[in-house]
file start-v2.cif (mmCIF, C-alpha atoms and all ligand atoms)
data_query
loop_
_atom_site.group_PDB
_atom_site.id
_atom_site.type_symbol
_atom_site.label_atom_id
_atom_site.label_comp_id
_atom_site.auth_asym_id
_atom_site.auth_seq_id
_atom_site.Cartn_x
_atom_site.Cartn_y
_atom_site.Cartn_z
ATOM 1 C CA MET A 1 72.627 -225.009 70.996
ATOM 2 C CA LYS A 2 72.412 -221.226 70.973
ATOM 3 C CA VAL A 3 71.822 -219.926 67.469
ATOM 4 C CA LEU A 4 72.669 -216.232 67.181
ATOM 5 C CA ILE A 5 71.725 -214.632 63.865
ATOM 6 C CA LEU A 6 73.283 -211.271 63.086
ATOM 7 C CA PRO A 7 72.299 -209.033 60.188
ATOM 8 C CA ASP A 8 75.632 -209.105 58.376
ATOM 9 C CA LEU A 9 79.208 -210.331 58.387
ATOM 10 C CA GLN A 10 80.550 -207.386 60.370
ATOM 11 C CA ALA A 11 77.943 -207.787 63.099
ATOM 12 C CA ALA A 12 78.538 -211.560 63.269
ATOM 13 C CA ILE A 13 82.281 -211.066 63.667
ATOM 14 C CA ALA A 14 81.761 -208.418 66.346
ATOM 15 C CA ARG A 15 79.409 -210.740 68.253
ATOM 16 C CA ALA A 16 81.867 -213.641 68.085
ATOM 17 C CA ALA A 17 84.693 -211.344 69.215
ATOM 18 C CA ASP A 18 82.550 -210.245 72.188
ATOM 19 C CA ILE A 19 82.200 -213.882 73.284
ATOM 20 C CA ILE A 20 85.938 -214.579 73.009
ATOM 21 C CA VAL A 21 86.948 -211.355 74.754
ATOM 22 C CA LYS A 22 84.496 -212.025 77.573
ATOM 23 C CA THR A 23 85.931 -215.538 78.029
ATOM 24 C CA VAL A 24 89.483 -214.175 78.263
ATOM 25 C CA GLN A 25 88.470 -211.323 80.571
ATOM 26 C CA THR A 26 86.710 -213.773 82.879
ATOM 27 C CA LYS A 27 89.576 -216.276 82.764
ATOM 28 C CA PRO A 28 92.832 -214.607 81.659
ATOM 29 C CA ASP A 29 94.648 -217.973 81.523
ATOM 30 C CA ALA A 30 91.936 -219.554 79.351
ATOM 31 C CA VAL A 31 92.899 -222.380 77.001
ATOM 32 C CA LEU A 32 91.621 -221.384 73.568
ATOM 33 C CA GLY A 33 90.982 -223.814 70.731
ATOM 34 C CA LEU A 34 91.701 -221.877 67.545
ATOM 35 C CA ALA A 35 90.601 -222.384 63.953
ATOM 36 C CA THR A 36 91.782 -221.341 60.509
ATOM 37 C CA GLY A 37 90.056 -220.636 57.197
ATOM 38 C CA GLY A 38 88.765 -217.515 55.494
ATOM 39 C CA THR A 39 85.916 -217.083 57.977
ATOM 40 C CA MET A 40 88.348 -216.528 60.838
ATOM 41 C CA LEU A 41 90.425 -213.808 59.151
ATOM 42 C CA PRO A 42 88.101 -210.881 59.959
ATOM 43 C CA LEU A 43 87.646 -212.291 63.468
ATOM 44 C CA TYR A 44 91.401 -212.331 64.133
ATOM 45 C CA ASP A 45 91.591 -208.778 62.726
ATOM 46 C CA GLU A 46 88.874 -207.701 65.137
ATOM 47 C CA LEU A 47 90.565 -209.388 68.114
ATOM 48 C CA ALA A 48 93.895 -207.755 67.217
ATOM 49 C CA HIS A 49 92.103 -204.422 66.956
ATOM 50 C CA ARG A 50 90.552 -204.865 70.408
ATOM 51 C CA HIS A 51 93.957 -205.873 71.779
ATOM 52 C CA ARG A 52 95.587 -202.720 70.360
ATOM 53 C CA ALA A 53 92.757 -200.687 71.892
ATOM 54 C CA GLY A 54 93.690 -202.143 75.303
ATOM 55 C CA LYS A 55 90.447 -204.099 75.659
ATOM 56 C CA VAL A 56 91.919 -207.596 75.851
ATOM 57 C CA SER A 57 95.212 -209.287 76.601
ATOM 58 C CA PHE A 58 96.117 -212.793 75.473
ATOM 59 C CA ALA A 59 99.361 -212.776 77.516
ATOM 60 C CA SER A 60 98.272 -215.558 79.873
ATOM 61 C CA THR A 61 96.207 -217.617 77.438
ATOM 62 C CA THR A 62 97.257 -220.935 75.916
ATOM 63 C CA SER A 63 96.123 -221.969 72.445
ATOM 64 C CA PHE A 64 95.686 -225.215 70.554
ATOM 65 C CA ASN A 65 94.771 -225.109 66.884
ATOM 66 C CA LEU A 66 92.392 -227.624 65.424
ATOM 67 C CA ASP A 67 94.481 -228.958 62.599
ATOM 68 C CA GLU A 68 97.487 -228.825 60.281
ATOM 69 C CA TYR A 69 98.296 -230.227 56.851
ATOM 70 C CA ILE A 70 100.608 -233.226 56.768
ATOM 71 C CA GLY A 71 103.822 -232.611 54.868
ATOM 72 C CA LEU A 72 103.991 -228.843 55.367
ATOM 73 C CA SER A 73 106.655 -227.360 57.637
ATOM 74 C CA PRO A 74 105.645 -224.519 59.991
ATOM 75 C CA GLU A 75 107.446 -222.085 57.661
ATOM 76 C CA HIS A 76 105.512 -223.193 54.568
ATOM 77 C CA PRO A 77 103.390 -220.210 53.451
ATOM 78 C CA CYS A 78 100.281 -222.422 53.144
ATOM 79 C CA SER A 79 100.695 -224.126 56.530
ATOM 80 C CA TYR A 80 98.270 -223.324 59.308
ATOM 81 C CA HIS A 81 101.293 -222.444 61.480
ATOM 82 C CA HIS A 82 102.080 -219.679 59.012
ATOM 83 C CA TYR A 83 98.430 -218.633 58.765
ATOM 84 C CA MET A 84 98.161 -218.289 62.568
ATOM 85 C CA GLN A 85 101.382 -216.307 62.783
ATOM 86 C CA GLN A 86 100.287 -213.879 60.074
ATOM 87 C CA ALA A 87 96.629 -213.619 61.004
ATOM 88 C CA PHE A 88 96.793 -213.518 64.783
ATOM 89 C CA PHE A 89 99.902 -214.372 66.804
ATOM 90 C CA ASP A 90 102.032 -211.560 65.314
ATOM 91 C CA HIS A 91 99.392 -208.990 66.258
ATOM 92 C CA VAL A 92 98.633 -209.834 69.882
ATOM 93 C CA ASP A 93 100.592 -210.461 73.082
ATOM 94 C CA ILE A 94 100.118 -214.234 73.225
ATOM 95 C CA ASP A 95 103.244 -216.069 74.448
ATOM 96 C CA PRO A 96 104.597 -218.075 71.454
ATOM 97 C CA ALA A 97 105.645 -220.844 73.867
ATOM 98 C CA ARG A 98 101.990 -221.361 74.762
ATOM 99 C CA THR A 99 100.685 -221.605 71.189
ATOM 100 C CA HIS A 100 100.276 -225.115 69.825
ATOM 101 C CA LEU A 101 99.489 -226.620 66.440
ATOM 102 C CA PRO A 102 99.811 -230.243 65.335
ATOM 103 C CA LYS A 103 103.201 -230.946 63.758
ATOM 104 C CA GLY A 104 102.384 -231.565 60.095
ATOM 105 C CA ASP A 105 106.000 -232.301 59.212
ATOM 106 C CA ALA A 106 106.580 -234.878 61.968
ATOM 107 C CA SER A 107 108.317 -238.056 60.808
ATOM 108 C CA ASP A 108 105.610 -240.031 62.611
ATOM 109 C CA PRO A 109 102.369 -238.042 62.195
ATOM 110 C CA GLN A 110 100.236 -240.443 64.249
ATOM 111 C CA ALA A 111 102.690 -240.211 67.169
ATOM 112 C CA ALA A 112 102.539 -236.410 66.799
ATOM 113 C CA ALA A 113 98.734 -236.618 66.862
ATOM 114 C CA ASP A 114 98.743 -238.752 70.028
ATOM 115 C CA ASP A 115 101.180 -236.320 71.645
ATOM 116 C CA TYR A 116 98.937 -233.390 70.691
ATOM 117 C CA GLU A 117 95.887 -234.978 72.279
ATOM 118 C CA ALA A 118 97.934 -235.564 75.462
ATOM 119 C CA ARG A 119 99.147 -231.974 75.510
ATOM 120 C CA ILE A 120 95.563 -230.671 75.330
ATOM 121 C CA SER A 121 94.677 -232.854 78.251
ATOM 122 C CA ASP A 122 97.818 -231.824 80.211
ATOM 123 C CA ALA A 123 96.793 -228.190 79.724
ATOM 124 C CA GLY A 124 93.517 -228.977 81.483
ATOM 125 C CA GLY A 125 91.383 -229.181 78.345
ATOM 126 C CA ILE A 126 90.009 -226.421 76.158
ATOM 127 C CA ASP A 127 87.872 -223.674 77.663
ATOM 128 C CA LEU A 128 86.585 -222.208 74.403
ATOM 129 C CA GLN A 129 86.819 -224.005 71.078
ATOM 130 C CA LEU A 130 86.465 -221.792 68.046
ATOM 131 C CA LEU A 131 85.148 -223.553 64.930
ATOM 132 C CA GLY A 132 84.365 -222.859 61.311
ATOM 133 C CA ILE A 133 82.402 -225.254 59.134
ATOM 134 C CA GLY A 134 83.219 -226.759 55.767
ATOM 135 C CA GLN A 135 80.608 -226.773 53.004
ATOM 136 C CA ASN A 136 80.349 -230.545 53.511
ATOM 137 C CA GLY A 137 79.733 -230.137 57.248
ATOM 138 C CA HIS A 138 83.287 -230.789 58.425
ATOM 139 C CA ILE A 139 84.724 -229.284 61.595
ATOM 140 C CA GLY A 140 88.502 -229.122 61.931
ATOM 141 C CA PHE A 141 89.375 -231.627 59.245
ATOM 142 C CA ASN A 142 86.820 -234.168 60.466
ATOM 143 C CA GLU A 143 85.350 -235.040 57.107
ATOM 144 C CA PRO A 144 81.917 -236.651 56.576
ATOM 145 C CA THR A 145 81.713 -240.067 58.277
ATOM 146 C CA ALA A 146 84.450 -239.154 60.788
ATOM 147 C CA SER A 147 83.754 -241.056 63.988
ATOM 148 C CA LEU A 148 81.851 -238.983 66.510
ATOM 149 C CA GLY A 149 84.155 -240.610 69.082
ATOM 150 C CA SER A 150 87.353 -239.643 67.248
ATOM 151 C CA ARG A 151 90.504 -238.197 68.807
ATOM 152 C CA THR A 152 93.424 -236.370 67.243
ATOM 153 C CA ARG A 153 94.608 -238.379 64.260
ATOM 154 C CA ILE A 154 95.410 -238.404 60.564
ATOM 155 C CA LYS A 155 92.504 -237.739 58.176
ATOM 156 C CA THR A 156 92.346 -238.001 54.412
ATOM 157 C CA LEU A 157 90.752 -234.896 52.950
ATOM 158 C CA THR A 158 87.824 -235.188 50.578
ATOM 159 C CA ARG A 159 88.108 -233.966 47.040
ATOM 160 C CA SER A 160 85.615 -231.143 47.774
ATOM 161 C CA THR A 161 87.669 -229.918 50.746
ATOM 162 C CA ARG A 162 90.859 -229.990 48.690
ATOM 163 C CA GLU A 163 89.065 -228.071 45.929
ATOM 164 C CA ALA A 164 87.817 -225.485 48.438
ATOM 165 C CA ASN A 165 91.345 -225.066 49.852
ATOM 166 C CA GLN A 166 93.084 -225.143 46.480
ATOM 167 C CA ARG A 167 92.873 -221.331 46.318
ATOM 168 C CA TYR A 168 95.785 -221.147 48.781
ATOM 169 C CA PHE A 169 98.023 -223.426 46.705
ATOM 170 C CA ARG A 170 99.404 -223.287 43.172
ATOM 171 C CA SER A 171 97.372 -226.251 41.964
ATOM 172 C CA PHE A 172 95.001 -228.986 43.074
ATOM 173 C CA ASP A 173 97.841 -231.515 43.028
ATOM 174 C CA GLU A 174 99.855 -229.379 45.436
ATOM 175 C CA THR A 175 96.908 -229.153 47.847
ATOM 176 C CA PRO A 176 97.645 -231.628 50.659
ATOM 177 C CA GLN A 177 95.633 -234.791 50.817
ATOM 178 C CA TYR A 178 96.216 -235.519 54.510
ATOM 179 C CA ALA A 179 95.974 -233.560 57.728
ATOM 180 C CA ILE A 180 96.314 -234.052 61.463
ATOM 181 C CA THR A 181 93.093 -232.941 63.103
ATOM 182 C CA THR A 182 91.728 -232.983 66.613
ATOM 183 C CA GLY A 183 88.825 -235.430 66.740
ATOM 184 C CA VAL A 184 85.109 -234.865 67.104
ATOM 185 C CA ALA A 185 85.275 -236.213 70.668
ATOM 186 C CA THR A 186 88.235 -233.926 71.412
ATOM 187 C CA ILE A 187 86.149 -230.975 70.224
ATOM 188 C CA LEU A 188 83.090 -232.088 72.209
ATOM 189 C CA GLU A 189 85.190 -232.191 75.387
ATOM 190 C CA SER A 190 85.828 -228.431 75.196
ATOM 191 C CA ARG A 191 83.960 -226.593 77.913
ATOM 192 C CA LYS A 192 82.419 -224.200 75.360
ATOM 193 C CA CYS A 193 82.216 -224.279 71.569
ATOM 194 C CA LEU A 194 81.769 -221.253 69.336
ATOM 195 C CA LEU A 195 81.114 -221.975 65.669
ATOM 196 C CA ILE A 196 81.051 -219.115 63.185
ATOM 197 C CA ALA A 197 79.601 -219.386 59.692
ATOM 198 C CA THR A 198 79.150 -216.548 57.243
ATOM 199 C CA GLY A 199 77.985 -216.332 53.643
ATOM 200 C CA ALA A 200 75.419 -218.183 51.542
ATOM 201 C CA ALA A 201 77.869 -220.962 50.630
ATOM 202 C CA LYS A 202 77.606 -222.224 54.218
ATOM 203 C CA ALA A 203 73.783 -222.082 54.493
ATOM 204 C CA GLU A 204 73.141 -225.723 53.620
ATOM 205 C CA ALA A 205 75.842 -227.092 55.943
ATOM 206 C CA VAL A 206 74.577 -224.830 58.730
ATOM 207 C CA ALA A 207 71.020 -226.148 58.366
ATOM 208 C CA ARG A 208 72.277 -229.752 58.432
ATOM 209 C CA MET A 209 74.358 -229.032 61.520
ATOM 210 C CA ILE A 210 71.583 -227.389 63.512
ATOM 211 C CA GLU A 211 68.410 -229.027 62.236
ATOM 212 C CA GLY A 212 69.525 -232.211 60.517
ATOM 213 C CA PRO A 213 69.878 -235.562 62.220
ATOM 214 C CA LEU A 214 72.876 -236.173 64.455
ATOM 215 C CA ALA A 215 75.049 -238.096 62.021
ATOM 216 C CA ALA A 216 78.708 -238.704 61.289
ATOM 217 C CA VAL A 217 77.984 -237.779 57.683
ATOM 218 C CA CYS A 218 77.711 -234.188 58.969
ATOM 219 C CA PRO A 219 80.401 -234.027 61.688
ATOM 220 C CA ALA A 220 79.298 -230.540 62.769
ATOM 221 C CA SER A 221 75.938 -232.030 63.824
ATOM 222 C CA ALA A 222 77.866 -233.523 66.785
ATOM 223 C CA LEU A 223 77.572 -230.063 68.360
ATOM 224 C CA GLN A 224 73.930 -230.998 69.042
ATOM 225 C CA LEU A 225 75.386 -233.133 71.855
ATOM 226 C CA HIS A 226 77.352 -230.272 73.396
ATOM 227 C CA LYS A 227 75.956 -228.548 76.478
ATOM 228 C CA ARG A 228 77.395 -225.139 75.716
ATOM 229 C CA ALA A 229 77.636 -224.686 71.965
ATOM 230 C CA THR A 230 76.982 -221.290 70.407
ATOM 231 C CA VAL A 231 76.623 -220.774 66.670
ATOM 232 C CA VAL A 232 77.081 -217.246 65.315
ATOM 233 C CA LEU A 233 75.700 -216.683 61.821
ATOM 234 C CA ASP A 234 75.236 -213.827 59.453
ATOM 235 C CA ALA A 235 71.884 -213.573 57.654
ATOM 236 C CA GLU A 236 73.155 -215.363 54.539
ATOM 237 C CA ALA A 237 74.444 -218.391 56.433
ATOM 238 C CA ALA A 238 71.083 -218.584 58.251
ATOM 239 C CA GLU A 239 69.071 -218.635 55.011
ATOM 240 C CA GLN A 240 68.122 -222.324 55.032
ATOM 241 C CA LEU A 241 67.143 -222.671 58.687
ATOM 242 C CA ALA A 242 63.540 -223.863 59.004
ATOM 243 C CA LEU A 243 63.247 -222.549 62.580
ATOM 244 C CA ARG A 244 64.950 -219.225 61.937
ATOM 245 C CA ASP A 245 62.016 -217.249 63.395
ATOM 246 C CA TYR A 246 62.330 -219.179 66.624
ATOM 247 C CA TYR A 247 66.064 -218.492 66.984
ATOM 248 C CA GLU A 248 65.443 -214.812 66.249
ATOM 249 C CA THR A 249 62.684 -214.711 68.865
ATOM 250 C CA VAL A 250 64.888 -216.329 71.511
ATOM 251 C CA HIS A 251 67.931 -214.206 70.631
ATOM 252 C CA PRO A 252 66.749 -210.932 69.091
ATOM 253 C CA ASP A 253 69.612 -209.422 67.046
ATOM 254 C CA GLY A 254 71.846 -212.230 68.281
ATOM 255 C CA ARG A 255 71.627 -211.126 71.918
ATOM 256 C CA GLU A 256 71.493 -213.476 74.881
ATOM 257 C CA SER A 257 67.967 -214.592 75.756
ATOM 258 C CA ALA A 258 66.316 -213.227 78.865
ATOM 259 C CA PHE A 259 66.639 -216.665 80.482
ATOM 260 C CA GLY A 260 70.024 -217.636 79.009
ATOM 261 C CA GLY A 261 68.560 -220.508 76.938
HETATM 262 C C1 LIG B 301 89.280 -225.772 56.491
HETATM 263 C C2 LIG B 301 89.592 -225.869 57.980
HETATM 264 C C3 LIG B 301 88.338 -225.740 58.826
HETATM 265 C C4 LIG B 301 87.517 -224.561 58.342
HETATM 266 C C5 LIG B 301 87.075 -224.790 56.935
HETATM 267 C C6 LIG B 301 86.209 -223.683 56.373
HETATM 268 O O1 LIG B 301 89.032 -226.969 55.883
HETATM 269 N N1 LIG B 301 90.267 -227.072 58.333
HETATM 270 O O2 LIG B 301 88.707 -225.593 60.189
HETATM 271 O O3 LIG B 301 86.394 -224.378 59.174
HETATM 272 O O4 LIG B 301 88.232 -224.913 56.131
HETATM 273 O O5 LIG B 301 87.022 -222.670 55.885
HETATM 274 P P1 LIG B 301 86.520 -221.263 55.366
HETATM 275 O O6 LIG B 301 86.299 -220.452 56.585
HETATM 276 O O7 LIG B 301 87.681 -220.765 54.547
HETATM 277 O O8 LIG B 301 85.301 -221.506 54.581
#
call {"tool": "encode", "arguments": {"input": "start-v2.cif", "output": "structure tokens"}}
result
Amino acid sequence: MKVLILPDLQAAIARAADIIVKTVQTKPDAVLGLATGGTMLPLYDELAHRHRAGKVSFASTTSFNLDEYIGLSPEHPCSYHHYMQQAFFDHVDIDPARTHLPKGDASDPQAAADDYEARISDAGGIDLQLLGIGQNGHIGFNEPTASLGSRTRIKTLTRSTREANQRYFRSFDETPQYAITTGVATILESRKCLLIATGAAKAEAVARMIEGPLAAVCPASALQLHKRATVVLDAEAAEQLALRDYYETVHPDGRESAFGG
């Protein structure tokens, strides 16, 4: 796992944007795995900015989002469909026909989940999977104890995740209890993973992911199994890393190491 520690939020976002832009420049028809959440908002702003500046085109890319709430239509203002539209799709040249999110309002959510997994595979798999991390170590909506072999399916959200996401809804009771999420194994199959964590609230989860045991109780720790996983952190999110000095020696200022390791 490459651990890149940047001095602040702005630098971390810029570094993550560099990695995504480079992927798309190298492979214009890349399949991107996209994520939602507050962490991603400045990143999507930065990517839109680089697009407007003529530095990157998403015209030939395909995207698959990690997850969607069950019971919310794409038009619902709190759905991840709506989030993606507002935060990213409306601001870049991605072809709407090639953007995909699980169908949260499907009459048969498990069938929709199975179909989603098949569509990822039909697209040739994901080249770069973008990830955030929940304070409890979740990735996508793979909550603690999610099977490390899981595929796209329905997950029940923990109380702490619903509380964290309540800020987008009118009340806790209105915050969905179920979601369709790509599985841990689906995520691990991506050719590259890029996880971004910023802020002190993520420091403990980040330390468990990178330095804790590989365990379903911290689904993000599954990235320890991935051959090409990069974690981009700001200084606050890196606060609880025991081997921080080592990561900073290997990747000074979050740069690639001389030997790529
Ligand atoms: C949600 C999403 C995750 C995201 C997490 C953290 O639960 N399903 O994909 O990583 O929240 O969100 P934030 O970036 O707002 O802390």
call {"tool": "resolve_selection", "arguments": {"input": "start-v2.cif", "expression": "the PyMOL selection byres (((not hetatm)) within 6 of (chain B and resi 301))", "output": "PyMOL selection string"}}
result
chain A and resi 35-39+131-134+139-141
call {"tool": "axis_aligned_box", "arguments": {"input": "start-v2.cif", "around": "range 164-177 of chain A", "padding_each_side": "3 Å", "output": "JSON"}}
result
{"center_x": 93.8, "center_y": -228.0, "center_z": 46.4, "size_x": 18.0, "size_y": 19.6, "size_z": 14.9}
call {"tool": "closest_residue", "arguments": {"input": "start-v2.cif", "among": "A:Ile70, A:Ala59, A:Ala118, A:Ala123", "to": "Lys103 in chain A", "atoms": "only C-alpha atoms"}}
result
A:Ile70
call {"tool": "closest_residue", "arguments": {"input": "start-v2.cif", "among": "A:Ile19, A:Leu6, A:Leu72, A:Ala207", "to": "Ser107 in chain A", "atoms": "all atoms listed in the file"}}
result
A:Leu72
call {"tool": "resolve_selection", "arguments": {"input": "start-v2.cif", "expression": "the PyMOL selection byres (((chain A and resi 223) around 9) and not hetatm)", "output": "list in words"}}
result
Met1, Ile187, Leu188, Cys193, Met209, Ile210, Leu214, Pro219, Ala220, Ser221, Ala222, Gln224, Leu225, His226, Lys227, Arg228 and Ala229 of chain A
call {"tool": "resolve_selection", "arguments": {"input": "start-v2.cif", "expression": "the PyMOL selection byres (((chain A and resi 165-172) around 12) and not hetatm)", "output": "compact mmCIF listing (two decimals) with C-alpha atoms, in the coordinates of the input"}}
result
# COMPACT_ATOMS: atom_id res chain seq x y z
CA THR A 36 91.78 -221.34 60.51
CA GLY A 37 90.06 -220.64 57.20
CA GLY A 38 88.76 -217.52 55.49
CA TYR A 69 98.30 -230.23 56.85
CA LEU A 72 103.99 -228.84 55.37
CA HIS A 76 105.51 -223.19 54.57
CA PRO A 77 103.39 -220.21 53.45
CA CYS A 78 100.28 -222.42 53.14
CA SER A 79 100.70 -224.13 56.53
CA TYR A 80 98.27 -223.32 59.31
CA TYR A 83 98.43 -218.63 58.76
CA GLY A 134 83.22 -226.76 55.77
CA GLN A 135 80.61 -226.77 53.00
CA PHE A 141 89.38 -231.63 59.24
CA LEU A 157 90.75 -234.90 52.95
CA THR A 158 87.82 -235.19 50.58
CA ARG A 159 88.11 -233.97 47.04
CA SER A 160 85.62 -231.14 47.77
CA THR A 161 87.67 -229.92 50.75
CA ARG A 162 90.86 -229.99 48.69
CA GLU A 163 89.06 -228.07 45.93
CA ALA A 164 87.82 -225.48 48.44
CA ASP A 173 97.84 -231.52 43.03
CA GLU A 174 99.86 -229.38 45.44
CA THR A 175 96.91 -229.15 47.85
CA PRO A 176 97.64 -231.63 50.66
CA GLN A 177 95.63 -234.79 50.82
call {"tool": "closest_residue", "arguments": {"input": "start-v2.cif", "among": "A:Thr182, A:Thr249, A:Thr61, A:Thr198", "to": "Leu233 in chain A", "atoms": "only C-alpha atoms"}}
result
A:Thr198
call {"tool": "residues_around", "arguments": {"input": "start-v2.cif", "residues": "Leu148 in chain A", "least_positions_apart": "5", "cutoff": "7 Å", "atoms": "only C-alpha atoms", "output": "ChimeraX atom specification"}}
result
/A:184-185,216,222
call {"tool": "atom_distance", "arguments": {"input": "start-v2.cif", "atom1": "CA of Glu256 in chain A", "atom2": "CA of Arg244 in chain A"}}
result
15.6 Å
call {"tool": "decode", "arguments": {"input": "start-v2.cif", "residues": "range 216-223 of chain A", "atoms": "all heavy atoms", "output": "short mmCIF file (atom, residue, chain, number, x, y, z; two decimals), in the first residue's frame"}}
result
data_model
loop_
_atom_site.label_atom_id
_atom_site.label_comp_id
_atom_site.auth_asym_id
_atom_site.auth_seq_id
_atom_site.Cartn_x
_atom_site.Cartn_y
_atom_site.Cartn_z
N ALA A 216 -12.43 -8.28 8.87
CA ALA A 216 -13.71 -7.80 8.35
C ALA A 216 -14.31 -6.72 9.24
O ALA A 216 -15.13 -5.93 8.79
CB ALA A 216 -14.69 -8.98 8.24
N VAL A 217 -13.87 -6.65 10.49
CA VAL A 217 -14.42 -5.63 11.38
C VAL A 217 -13.95 -4.23 10.94
O VAL A 217 -14.56 -3.22 11.27
CB VAL A 217 -14.08 -5.95 12.86
CG1 VAL A 217 -12.63 -5.62 13.19
CG2 VAL A 217 -15.05 -5.29 13.80
N CYS A 218 -12.90 -4.17 10.14
CA CYS A 218 -12.49 -2.91 9.50
C CYS A 218 -12.38 -3.20 7.99
O CYS A 218 -11.30 -3.53 7.50
CB CYS A 218 -11.15 -2.43 10.06
SG CYS A 218 -10.58 -0.90 9.27
N PRO A 219 -13.50 -3.09 7.27
CA PRO A 219 -13.49 -3.49 5.85
C PRO A 219 -12.39 -2.81 5.02
O PRO A 219 -11.83 -3.43 4.11
CB PRO A 219 -14.89 -3.11 5.36
CG PRO A 219 -15.73 -3.21 6.61
CD PRO A 219 -14.85 -2.72 7.72
N ALA A 220 -12.04 -1.58 5.38
CA ALA A 220 -10.99 -0.90 4.61
C ALA A 220 -9.64 -1.60 4.72
O ALA A 220 -8.77 -1.45 3.86
CB ALA A 220 -10.86 0.56 5.08
N SER A 221 -9.45 -2.39 5.79
CA SER A 221 -8.17 -3.11 5.94
C SER A 221 -7.97 -4.11 4.81
O SER A 221 -6.85 -4.56 4.57
CB SER A 221 -8.07 -3.80 7.31
OG SER A 221 -8.99 -4.89 7.39
N ALA A 222 -9.05 -4.46 4.10
CA ALA A 222 -8.94 -5.38 2.95
C ALA A 222 -8.00 -4.82 1.89
O ALA A 222 -7.44 -5.58 1.09
CB ALA A 222 -10.32 -5.67 2.37
N LEU A 223 -7.82 -3.50 1.89
CA LEU A 223 -6.91 -2.90 0.89
C LEU A 223 -5.48 -3.38 1.10
O LEU A 223 -4.64 -3.26 0.20
CB LEU A 223 -6.97 -1.37 0.95
CG LEU A 223 -8.26 -0.73 0.45
CD1 LEU A 223 -8.13 0.79 0.47
CD2 LEU A 223 -8.63 -1.19 -0.94
#
